[in-house]
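**Q** Sending over query.txt (compact mmCIF, C-alpha atoms).
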# COMPACT_ATOMS: atom_id res chain seq x y z
CA MET A 3 111.81 28.98 124.69
CA ALA A 4 110.94 30.12 128.22
CA ASP A 5 107.80 29.13 130.15
CA ARG A 6 104.21 30.03 129.10
CA GLY A 7 105.05 31.04 125.56
CA ASP A 8 107.50 33.79 126.41
CA ARG A 9 109.98 34.48 123.59
CA VAL A 10 113.41 36.09 123.81
CA GLY A 11 115.46 37.48 120.95
CA LEU A 12 117.67 40.27 119.69
CA GLY A 13 117.42 43.50 117.76
CA TRP A 14 118.56 42.68 114.21
CA ARG A 15 121.40 45.00 113.17
CA PRO A 16 123.59 44.77 110.03
CA GLU A 17 126.72 44.65 112.21
CA ILE A 18 125.68 41.39 113.92
CA ALA A 19 123.63 39.86 111.10
CA ALA A 20 126.36 37.56 109.78
CA GLY A 21 127.22 36.08 113.18
CA LEU A 22 123.63 35.87 114.33
CA GLY A 23 122.39 34.42 111.03
CA ARG A 24 124.26 31.19 111.79
CA ARG A 25 122.76 30.93 115.28
CA LEU A 26 119.11 31.82 114.76
CA HIS A 27 118.15 28.52 116.37
CA GLU A 28 119.34 29.97 119.71
CA ILE A 29 116.78 32.80 119.73
CA ASP A 30 113.00 32.89 119.44
CA LEU A 31 112.53 36.06 117.40
CA VAL A 32 114.21 39.22 116.08
CA GLU A 33 113.09 42.82 115.96
CA VAL A 34 113.97 45.00 112.98
CA ILE A 35 114.07 48.80 112.74
CA ALA A 36 111.41 49.61 110.13
CA GLU A 37 113.26 52.65 108.76
CA ASN A 38 116.21 50.42 107.75
CA PHE A 39 114.01 48.38 105.37
CA MET A 40 111.94 51.00 103.58
CA ASP A 41 113.07 50.33 99.99
CA ARG A 42 111.89 47.46 97.76
CA ARG A 43 115.04 45.44 98.39
CA GLY A 44 114.53 45.99 102.12
CA SER A 45 111.02 44.56 102.21
CA ALA A 46 112.12 41.52 100.15
CA GLY A 47 115.01 41.00 102.59
CA LEU A 48 112.61 41.27 105.47
CA ARG A 49 110.31 38.63 103.98
CA ALA A 50 113.31 36.32 103.58
CA LEU A 51 114.34 36.91 107.18
CA ALA A 52 110.77 36.28 108.37
CA ASN A 53 110.92 32.86 106.67
CA GLU A 54 113.81 31.97 108.99
CA VAL A 55 112.71 33.46 112.32
CA PRO A 56 109.69 35.35 113.69
CA VAL A 57 110.14 39.08 113.05
CA VAL A 58 108.55 42.10 114.69
CA LEU A 59 108.70 45.58 113.21
CA HIS A 60 109.86 48.55 115.26
CA GLY A 61 109.45 52.19 114.21
CA VAL A 62 111.67 54.96 115.54
CA CYS A 63 110.69 58.18 113.80
CA LEU A 64 106.93 58.68 113.63
CA GLY A 65 106.74 60.94 116.68
CA LEU A 66 103.26 59.80 117.69
CA ALA A 67 103.24 61.36 121.16
CA SER A 68 102.63 64.92 120.17
CA ALA A 69 100.06 67.67 120.10
CA LEU A 70 101.08 68.01 116.42
CA PRO A 71 99.80 65.67 113.68
CA VAL A 72 101.86 62.64 112.68
CA ASP A 73 103.84 62.85 109.40
CA GLU A 74 101.55 61.17 106.84
CA ARG A 75 104.40 60.30 104.45
CA ARG A 76 106.29 58.36 107.13
CA LEU A 77 103.10 56.64 108.26
CA ALA A 78 102.40 55.54 104.67
CA SER A 79 105.95 54.11 104.45
CA ILE A 80 105.37 52.01 107.58
CA ALA A 81 102.05 50.82 106.14
CA ARG A 82 103.70 49.80 102.83
CA LEU A 83 106.47 47.92 104.63
CA ALA A 84 104.13 46.12 107.06
CA ASP A 85 102.01 45.08 104.09
CA ALA A 86 104.91 44.08 101.79
CA ALA A 87 106.68 42.10 104.50
CA ARG A 88 103.37 40.73 105.86
CA LEU A 89 104.20 41.82 109.40
CA PRO A 90 101.05 43.01 111.17
CA VAL A 91 102.74 43.46 114.58
CA TRP A 92 104.64 46.72 114.97
CA SER A 93 105.68 49.12 117.67
CA GLU A 94 106.56 52.79 118.07
CA HIS A 95 107.67 55.13 120.81
CA LEU A 96 105.65 57.47 122.98
CA ALA A 97 107.84 60.37 121.89
CA PHE A 98 107.95 63.43 119.70
CA VAL A 99 110.88 63.68 117.31
CA ARG A 100 110.23 66.89 115.38
CA ALA A 101 108.28 70.13 115.68
CA GLY A 102 108.14 73.39 113.76
CA GLY A 103 110.60 72.17 111.13
CA CYS A 104 113.24 71.04 113.69
CA GLU A 105 114.31 67.40 113.51
CA ILE A 106 115.50 66.59 117.03
CA GLY A 107 117.40 63.52 115.82
CA HIS A 108 116.13 61.24 118.55
CA LEU A 109 113.20 60.51 120.83
CA ALA A 110 112.06 63.37 123.06
CA ALA A 111 109.55 63.23 125.89
CA PRO A 112 106.63 65.63 125.36
CA PRO A 113 105.10 67.42 128.34
CA ARG A 114 102.88 64.88 130.09
CA THR A 115 99.58 66.70 129.88
CA ALA A 116 95.97 66.20 128.80
CA ALA A 117 96.81 68.05 125.55
CA THR A 118 99.58 65.62 124.54
CA ILE A 119 97.34 62.67 125.48
CA GLU A 120 94.65 64.05 123.12
CA GLY A 121 97.18 64.61 120.34
CA THR A 122 98.68 61.15 120.80
CA LEU A 123 95.24 59.52 120.68
CA ARG A 124 94.49 61.35 117.41
CA ASN A 125 97.82 60.21 115.96
CA LEU A 126 97.26 56.63 117.09
CA ALA A 127 93.79 56.58 115.51
CA ARG A 128 95.35 57.82 112.26
CA ALA A 129 98.12 55.19 112.49
CA ARG A 130 95.55 52.44 113.01
CA THR A 131 93.61 53.63 109.96
CA VAL A 132 96.63 53.92 107.65
CA VAL A 133 98.61 50.83 108.75
CA GLY A 134 95.63 48.64 109.60
CA THR A 135 96.83 47.84 113.13
CA ALA A 136 97.79 50.01 116.08
CA PRO A 137 101.39 49.90 117.27
CA ALA A 138 102.50 48.60 120.63
CA LEU A 139 103.59 51.72 122.50
CA GLU A 140 107.06 52.03 124.00
CA ASN A 141 108.03 54.17 126.99
CA ILE A 142 111.16 56.25 126.33
CA ALA A 143 114.14 57.31 128.42
CA THR A 144 114.60 61.04 128.96
CA LEU A 145 117.49 63.04 130.39
CA ILE A 146 115.25 66.02 131.09
CA ASP A 147 112.08 66.07 133.12
CA PRO A 148 109.68 67.36 130.44
CA PRO A 149 108.62 70.88 131.49
CA ALA A 150 104.97 71.77 132.09
CA SER A 151 104.03 68.15 132.82
CA THR A 152 100.96 67.78 134.98
CA MET A 153 101.02 63.98 135.36
CA SER A 154 103.47 61.27 136.31
CA GLU A 155 105.03 59.29 133.47
CA CYS A 156 103.16 56.12 134.46
CA ALA A 157 99.77 57.86 134.72
CA TRP A 158 100.35 59.50 131.31
CA ILE A 159 101.31 56.19 129.64
CA GLY A 160 98.41 54.40 131.33
CA GLU A 161 95.86 56.98 130.11
CA ILE A 162 97.09 56.70 126.53
CA ALA A 163 97.23 52.90 126.54
CA VAL A 164 93.74 52.52 128.02
CA HIS A 165 92.03 55.13 125.82
CA ALA A 166 93.77 53.88 122.66
CA ASP A 167 93.20 50.26 123.73
CA ALA A 168 96.85 49.69 122.86
CA MET A 169 99.44 47.12 123.79
CA LEU A 170 102.60 48.29 125.53
CA LEU A 171 106.20 47.64 124.65
CA LEU A 172 107.82 48.15 128.03
CA ASP A 173 111.47 49.16 127.82
CA LEU A 174 112.79 48.19 131.23
CA HIS A 175 116.09 50.05 130.88
CA ASN A 176 114.20 53.22 129.94
CA LEU A 177 111.98 52.76 132.98
CA TYR A 178 115.04 52.12 135.18
CA ALA A 179 116.94 55.15 133.80
CA ASN A 180 113.99 57.52 134.32
CA ALA A 181 113.50 56.18 137.84
CA VAL A 182 117.11 56.67 138.93
CA ASN A 183 117.44 60.02 137.11
CA PHE A 184 114.37 61.54 138.71
CA GLY A 185 114.36 59.94 142.14
CA ALA A 186 111.69 57.27 141.77
CA ASP A 187 111.64 53.60 142.75
CA PRO A 188 111.76 51.54 139.51
CA HIS A 189 109.72 48.70 141.02
CA ALA A 190 107.04 51.15 142.18
CA MET A 191 106.97 52.58 138.65
CA LEU A 192 106.52 49.08 137.25
CA ASP A 193 103.57 48.50 139.59
CA ALA A 194 101.99 51.82 138.51
CA LEU A 195 101.73 50.74 134.86
CA PRO A 196 98.87 48.74 133.30
CA LEU A 197 100.99 45.58 133.14
CA GLU A 198 98.17 43.51 131.63
CA ARG A 199 98.77 45.51 128.41
CA VAL A 200 102.47 44.66 128.12
CA ARG A 201 103.16 42.27 125.24
CA MET A 202 106.73 43.19 124.37
CA VAL A 203 109.77 44.13 126.43
CA HIS A 204 113.07 45.81 125.59
CA LEU A 205 116.25 45.30 127.58
CA SER A 206 119.44 47.29 127.07
CA GLY A 207 122.24 49.02 128.92
CA GLY A 208 123.57 52.50 129.47
CA VAL A 209 126.24 54.66 131.06
CA TRP A 210 126.39 57.30 133.79
CA ILE A 211 127.19 60.76 132.40
CA GLY A 212 128.08 64.15 133.86
CA GLY A 213 131.08 65.04 136.02
CA HIS A 214 129.71 63.19 139.01
CA GLY A 215 127.60 60.62 137.16
CA GLU A 216 124.50 62.74 137.47
CA ARG A 217 122.34 60.99 134.89
CA LEU A 218 122.03 57.51 133.44
CA LEU A 219 122.06 57.65 129.63
CA ASP A 220 120.25 54.82 127.84
CA ASP A 221 122.86 54.38 125.09
CA HIS A 222 122.36 50.76 123.94
CA LEU A 223 126.16 50.41 123.96
CA HIS A 224 126.46 48.42 127.19
CA ASP A 225 125.28 45.08 128.53
CA VAL A 226 121.95 44.73 130.30
CA PRO A 227 122.65 45.53 133.99
CA PRO A 228 121.42 43.32 136.88
CA PRO A 229 118.66 45.75 138.08
CA VAL A 230 117.01 45.47 134.65
CA TYR A 231 116.94 41.67 134.81
CA ALA A 232 115.40 42.08 138.30
CA LEU A 233 112.67 44.25 136.77
CA LEU A 234 112.05 41.59 134.10
CA GLU A 235 111.71 38.95 136.81
CA SER A 236 109.28 41.20 138.66
CA LEU A 237 107.26 41.83 135.48
CA ALA A 238 107.12 38.08 134.72
CA ALA A 239 105.83 37.46 138.25
CA ARG A 240 103.03 40.01 137.77
CA ALA A 241 101.95 39.40 134.15
CA THR A 242 99.80 36.47 133.10
CA GLN A 243 100.25 36.97 129.35
CA PRO A 244 103.23 35.75 127.29
CA LEU A 245 105.97 38.31 126.69
CA ASP A 246 108.25 38.90 123.70
CA VAL A 247 111.57 40.15 125.04
CA ILE A 248 114.17 41.85 122.82
CA ILE A 249 117.72 42.74 123.80
CA GLU A 250 118.77 45.93 122.01
CA ARG A 251 122.35 46.76 121.12
CA ASP A 252 123.28 49.63 118.80
CA GLY A 253 127.07 49.75 118.90
CA ARG A 254 130.30 48.56 120.55
CA TYR A 255 129.06 45.12 119.58
CA PRO A 256 130.41 42.30 121.70
CA PRO A 257 130.86 38.81 120.22
CA VAL A 258 127.54 37.12 119.38
CA ASP A 259 128.30 34.65 122.19
CA ASP A 260 128.00 37.52 124.69
CA LEU A 261 124.69 38.69 123.22
CA LEU A 262 123.34 35.14 123.35
CA ALA A 263 124.46 34.89 127.00
CA GLN A 264 122.22 37.92 127.67
CA VAL A 265 119.36 36.15 125.87
CA ARG A 266 119.86 33.19 128.24
CA ALA A 267 120.00 35.54 131.25
CA ALA A 268 116.68 37.08 130.17
CA ARG A 269 115.13 33.61 129.84
CA ALA A 270 116.36 32.78 133.34
CA ALA A 271 114.85 36.00 134.75
CA LEU A 272 111.52 35.21 133.06
CA GLY A 273 111.66 31.67 134.47
CA ARG A 274 112.28 32.92 138.02
CA GLY A 275 109.39 35.39 137.77
CA ARG A 276 106.97 32.84 136.31
CA ALA A 277 107.90 30.40 139.09
CA HIS A 278 106.89 32.89 141.79
CA PRO A 279 103.73 34.67 140.62
CA VAL A 280 102.62 37.75 142.52
CA LEU A 281 98.89 38.25 142.99
CA THR A 282 97.88 41.53 141.37
CA ASP A 283 94.40 42.83 140.53
CA ALA A 284 94.95 41.89 136.88
CA ARG A 285 96.07 38.37 137.80
CA LEU A 286 93.06 37.95 140.10
CA ALA A 287 90.75 39.15 137.29
CA ALA A 288 92.35 36.67 134.88
CA MET B 2 97.42 75.45 120.33
CA SER B 3 99.87 76.39 123.07
CA ALA B 4 100.72 72.69 123.63
CA ALA B 5 101.93 72.53 120.03
CA ASN B 6 103.82 75.82 120.49
CA LEU B 7 105.52 74.40 123.57
CA GLU B 8 106.72 71.37 121.57
CA ILE B 9 108.03 73.70 118.86
CA LEU B 10 109.94 75.71 121.46
CA LEU B 11 111.34 72.53 123.07
CA ALA B 12 112.48 71.18 119.69
CA ARG B 13 114.39 74.44 119.09
CA LEU B 14 115.86 74.36 122.58
CA TYR B 15 117.14 70.82 121.96
CA THR B 16 118.65 71.57 118.56
CA ASP B 17 119.75 75.23 118.41
CA ALA B 18 122.63 76.15 120.76
CA ARG B 19 122.26 79.91 120.24
CA PHE B 20 118.54 79.81 120.88
CA ARG B 21 119.19 77.74 124.01
CA GLU B 22 121.74 80.25 125.26
CA ALA B 23 119.31 83.14 124.71
CA PHE B 24 116.56 81.18 126.43
CA LEU B 25 118.69 80.37 129.47
CA SER B 26 119.62 84.03 129.92
CA ASP B 27 115.92 85.04 129.92
CA PRO B 28 113.48 82.09 129.76
CA GLU B 29 110.38 84.24 130.27
CA GLU B 30 111.15 86.58 127.38
CA THR B 31 111.78 83.65 124.99
CA ALA B 32 108.68 81.83 126.19
CA ARG B 33 106.48 84.90 125.62
CA THR B 34 107.47 85.03 121.94
CA HIS B 35 105.99 81.52 121.50
CA ASP B 36 102.40 82.28 122.51
CA LEU B 37 102.39 80.03 125.58
CA ASP B 38 100.02 80.20 128.51
CA GLU B 39 101.11 81.40 131.95
CA THR B 40 101.48 77.86 133.39
CA GLU B 41 103.79 76.86 130.55
CA ILE B 42 105.82 80.05 130.94
CA GLU B 43 106.18 79.39 134.66
CA ALA B 44 107.27 75.79 133.94
CA LEU B 45 109.93 77.04 131.51
CA ARG B 46 111.20 79.52 134.08
CA ASN B 47 111.87 76.51 136.33
CA ILE B 48 113.16 74.18 133.62
CA ASP B 49 115.57 71.39 134.60
CA ARG B 50 118.72 73.19 133.33
CA ASN B 51 121.11 70.28 133.85
CA GLY B 52 118.68 67.98 132.10
CA LEU B 53 118.37 70.44 129.21
CA GLU B 54 122.16 70.44 128.73
CA PHE B 55 122.45 66.64 128.99
CA ALA B 56 119.54 66.09 126.61
CA SER B 57 120.75 68.66 124.05
CA ARG B 58 124.24 67.14 123.97
CA SER B 59 122.80 63.66 123.59
CA TYR B 60 120.53 64.75 120.69
CA ALA B 61 123.48 66.53 119.00
CA ARG B 62 125.53 63.30 119.13
CA LYS B 63 122.60 61.36 117.67
CA ARG B 64 122.21 63.84 114.79
CA GLU B 65 125.94 63.66 114.09
CA SER B 66 125.81 59.87 114.09
CA HIS B 67 122.83 59.89 111.66
CA ALA B 68 124.71 62.33 109.41
CA ALA B 69 127.84 60.13 109.43
CA ARG B 70 125.74 57.12 108.46
CA ARG B 71 124.15 59.09 105.60
CA ARG B 72 127.59 60.25 104.40
CA SER B 73 128.87 56.69 104.47
CA TRP B 74 125.80 55.47 102.56
CA LEU B 75 126.17 58.26 99.99
CA GLY B 76 129.88 57.48 99.63
CA ARG B 77 129.14 53.82 98.91
CA LEU B 78 126.45 54.80 96.39
CA ILE B 79 128.81 57.17 94.55
CA ALA B 80 131.62 54.59 94.60
CA ARG B 81 129.25 51.96 93.22
CA SER B 82 127.96 54.24 90.46
CA LEU B 83 131.52 55.32 89.50
CA GLY B 84 132.57 51.67 89.53
CA SER B 85 129.75 50.68 87.20
CA THR B 86 130.50 53.65 84.89
CA VAL B 87 134.20 52.81 84.73
CA GLY B 88 133.55 49.10 84.53
Can the structure from this file be put into structure tokens for me?

**A**
Amino acid sequence: MADRGDRVGLGWRPEIAAGLGRRLHEIDLVEVIAENFMDRRGSAGLRALANEVPVVLHGVCLGLASALPVDERRLASIARLADAARLPVWSEHLAFVRAGGCEIGHLAAPPRTAATIEGTLRNLARARTVVGTAPALENIATLIDPPASTMSECAWIGEIAVHADAMLLLDLHNLYANAVNFGADPHAMLDALPLERVRMVHLSGGVWIGGHGERLLDDHLHDVPPPVYALLESLAARATQPLDVIIERDGRYPPVDDLLAQVRAARAALGRGRAHPVLTDARLAA
Amino acid sequence: MSAANLEILLARLYTDARFREAFLSDPEETARTHDLDETEIEALRNIDRNGLEFASRSYARKRESHAARRRSWLGRLIARSLGSTVG
């Protein structure tokens, strides 16, 4: 385990389960996609996994960041799973995934406005009531600058996190992709977030798309690139709290050895950051 | 209410190629049918067109990948149930 209680692990996927199952001693935790474990057999499997390694639950289809109300049926399913598997810590995305009967099929960035902040806060309050705990909130990658936005991404996330008193799951590849796609400095974006609220971190990779590589797509099919490890180092230098770091991979799976090498690289980045703390307002307050 | 209407319009833009084509040929006309305020209509007139294409293609691939996974799951279920019937 890295310094100061940081933990590093992998996203648990059926395709890597057999190889990873024999090497659980090399990671500190796993993250599971909640929607993959919704039936009775799933929650029993999850309990068995949680006996072997710490598990955190990750939701992908609630669509909490919306002016529209969250789907109660899906929220109840998360609540049942969290209860059955005895996993109180869970996370979800700051995204909308459906509206007016259209299922988008993935995470979409809503306009960053006061109205979507209000809607998100209502949905988070409902989630806290139904599930019993509030989720850690994850920033998403977007290929389109959401139209009609009146705030920066970081200001919008910060407002929601502070008013909901929520933890953040900071996806550093999402942050990096949005920065390079829309002309921002990723390290300046990092500094503009309420870093004292970050408890979990995602790392992943992506690919440049478009005829001339116009946009970086966060596809989870590639290794974590060096600038994302640099952001992790920078975060570790600025945060005082322990971080749970998960490497996400959703296809083109390399050998487990390669995934574990990325776990070690993440631990090394955390170690470098912890060894050279940067004085921030939050660190001074702590 | 118009914030919700804007999300509904965006969800259609991301998922319905014909609607997207109609929108891109006259964003203001499409926006006005969704009961949006003037600021939202102006924002849609200046939408990030490249981003809209990239995002829509990416969402379409995701939906196709979800559908393939469902088909594969359904196939396994049917095979299992046929196997148990025959067996």

**Q** Name all residues at most 6 Å from stretch 93-100 of chain A (count all atoms listed in the file; drop same-chain ones fewer than 5 positions away) and give them as a VMD selection string.

**A** chain A and resid 60 to 61 65 67 to 68 105 to 106 108 to 111 137 to 141

**Q** Which distance in Å separates atom CA of B:Leu37 and atom CA of A:Ala143, to one decimal?

**A**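 According to the coordinates, atom CA of B:Leu37 and atom CA of A:Ala143 are separated by 25.7 Å.
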
**Q** Using only C-alpha atoms, which residue out of B:Glu41, B:Glu22, B:Glu65, B:Glu54 lies closest to chain A?

**A** B:Glu41

**Q** Select from chain B every residue with an atom at most 10 Å from any atom of chain A, then for each give the shortest pair of atoms and their distance in Å to one decimal, using all atoms listed in the file, rows by chain and rising number, as CSV.

**A**
residue,atom,partner,partner_atom,distance
B:Met2,CA,A:Ala69,CA,8.2
B:Ser3,CA,A:Ala69,CA,9.2
B:Ala4,CA,A:Ala69,CA,6.2
B:Ala5,CA,A:Ala69,CA,5.2
B:Asn6,CA,A:Gly102,CA,8.4
B:Leu7,CA,A:Pro113,CA,8.5
B:Glu8,CA,A:Ala101,CA,6.2
B:Ile9,CA,A:Ala101,CA,4.8
B:Leu10,CA,A:Ala101,CA,8.2
B:Leu11,CA,A:Ala101,CA,8.4
B:Ala12,CA,A:Ala101,CA,5.9
B:Arg13,CA,A:Cys104,CA,6.5
B:Leu14,CA,A:Ile106,CA,9.6
B:Tyr15,CA,A:Ile106,CA,6.7
B:Thr16,CA,A:Ile106,CA,6.1
B:Asp17,CA,A:Cys104,CA,9.1
B:Thr40,CA,A:Ala150,CA,7.1
B:Glu41,CA,A:Ala150,CA,5.4
B:Ile42,CA,A:Ala150,CA,8.4
B:Glu43,CA,A:Ala150,CA,8.1
B:Ala44,CA,A:Ala150,CA,5.0
B:Leu45,CA,A:Pro149,CA,6.3
B:Arg46,CA,A:Pro149,CA,9.4
B:Asn47,CA,A:Pro149,CA,8.1
B:Ile48,CA,A:Pro149,CA,6.0
B:Asp49,CA,A:Ile146,CA,6.4
B:Arg50,CA,A:Ile146,CA,8.3
B:Asn51,CA,A:Ile146,CA,7.8
B:Gly52,CA,A:Ile146,CA,4.1
B:Leu53,CA,A:Ile146,CA,5.7
B:Glu54,CA,A:Ile146,CA,8.5
B:Phe55,CA,A:Leu145,CA,6.3
B:Ala56,CA,A:Leu145,CA,5.3
B:Ser57,CA,A:Ile106,CA,9.0
B:Ser59,CA,A:Leu219,CA,8.6
B:Tyr60,CA,A:Gly107,CA,5.9
B:Ala61,CA,A:Gly107,CA,7.5
B:Arg62,CA,A:Gly107,CA,8.8
B:Lys63,CA,A:Gly107,CA,5.9
B:Arg64,CA,A:Gly107,CA,4.9
B:Glu65,CA,A:Gly107,CA,8.7
B:Ser66,CA,A:Gly107,CA,9.3
B:His67,CA,A:Gly107,CA,7.7
B:Ala68,CA,A:Gly107,CA,9.8

**Q** Using only the atoms of stretch 120-129 of chain A listed in the file, plus 4 Å on each side, state the axis-aligned box centre and edge lengths in Å rounded to one decimal, as JSON.

**A**
{"center_x": 96.2, "center_y": 59.9, "center_z": 117.7, "size_x": 12.9, "size_y": 17.4, "size_z": 18.9}

**Q** Would you mind reading off the distance between atom CA of A:Asn125 and atom CA of A:Asn176, one decimal, in Å?

**A**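 Value for the atom CA of A:Asn125-atom CA of A:Asn176 distance: 22.6 Å.
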
**Q** Which residues, written as a list of chain:residue names, have at least one atom at most 8 Å from A:Gly13, with all atoms listed in the file counted and residues fewer than 4 positions away on the same chain left out?

**A**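 Within the cut-off, the hits are A:Val32, A:Glu33, A:Val34, A:Ile248, A:Ile249, A:Glu250, A:Arg251.
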
**Q** If we count all atoms listed in the file and set the cut-off at 6 Å, which residues sit around stretch 261-275 of chain A, ignoring sequence neighbours fewer than 2 positions away in its own chain? Please answer as a VMD selection string.

**A** chain A and resid 4 235 to 236 238 to 239 258 to 259 277 to 278

**Q** As a ChimeraX atom specification, please: the residues near A:Val209 (cut-off 10 Å, all atoms listed in the file, same-chain neighbours under 6 positions excluded).

**A** /A:179,215,217-225

**Q** May I ask for the distance between atom CA of A:Leu31 and atom CA of A:Arg9, given in Å to one decimal place?

**A** 6.9 Å

**Q** Would you fill out stretch 51-68 of chain A with N, CA and C atoms and return it as a compact mmCIF listing (two decimals), keeping the file's coordinate frame?

**A**
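Final output, saved to out_12.txt:
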# COMPACT_ATOMS: atom_id res chain seq x y z
N LEU A 51 113.97 37.09 105.77
CA LEU A 51 114.34 36.91 107.18
C LEU A 51 113.17 36.29 107.96
N ALA A 52 111.96 36.78 107.65
CA ALA A 52 110.77 36.28 108.37
C ALA A 52 110.49 34.81 108.06
N ASN A 53 111.06 34.30 106.95
CA ASN A 53 110.92 32.86 106.67
C ASN A 53 111.82 32.04 107.58
N GLU A 54 112.85 32.68 108.15
CA GLU A 54 113.81 31.97 108.99
C GLU A 54 113.49 32.06 110.47
N VAL A 55 112.91 33.20 110.88
CA VAL A 55 112.71 33.46 112.32
C VAL A 55 111.55 34.46 112.45
N PRO A 56 110.74 34.34 113.51
CA PRO A 56 109.69 35.35 113.69
C PRO A 56 110.29 36.76 113.80
N VAL A 57 109.63 37.71 113.10
CA VAL A 57 110.14 39.08 113.05
C VAL A 57 109.06 40.04 113.54
N VAL A 58 109.46 41.00 114.35
CA VAL A 58 108.55 42.10 114.69
C VAL A 58 109.18 43.41 114.21
N LEU A 59 108.30 44.33 113.85
CA LEU A 59 108.70 45.58 113.21
C LEU A 59 108.68 46.70 114.25
N HIS A 60 109.75 47.51 114.25
CA HIS A 60 109.86 48.55 115.26
C HIS A 60 110.14 49.90 114.59
N GLY A 61 109.26 50.86 114.80
CA GLY A 61 109.45 52.19 114.21
C GLY A 61 110.15 53.12 115.19
N VAL A 62 110.95 54.06 114.65
CA VAL A 62 111.67 54.96 115.54
C VAL A 62 111.46 56.44 115.20
N CYS A 63 110.74 56.74 114.11
CA CYS A 63 110.69 58.18 113.80
C CYS A 63 109.32 58.73 113.42
N LEU A 64 108.25 58.11 113.93
CA LEU A 64 106.93 58.68 113.63
C LEU A 64 106.60 59.88 114.54
N GLY A 65 107.06 59.83 115.77
CA GLY A 65 106.74 60.94 116.68
C GLY A 65 105.25 61.00 116.99
N LEU A 66 104.71 59.88 117.47
CA LEU A 66 103.26 59.80 117.69
C LEU A 66 102.78 60.57 118.93
N ALA A 67 103.67 60.73 119.91
CA ALA A 67 103.24 61.36 121.16
C ALA A 67 103.45 62.87 121.08
N SER A 68 102.47 63.51 120.48
CA SER A 68 102.63 64.92 120.17
C SER A 68 101.28 65.60 120.03
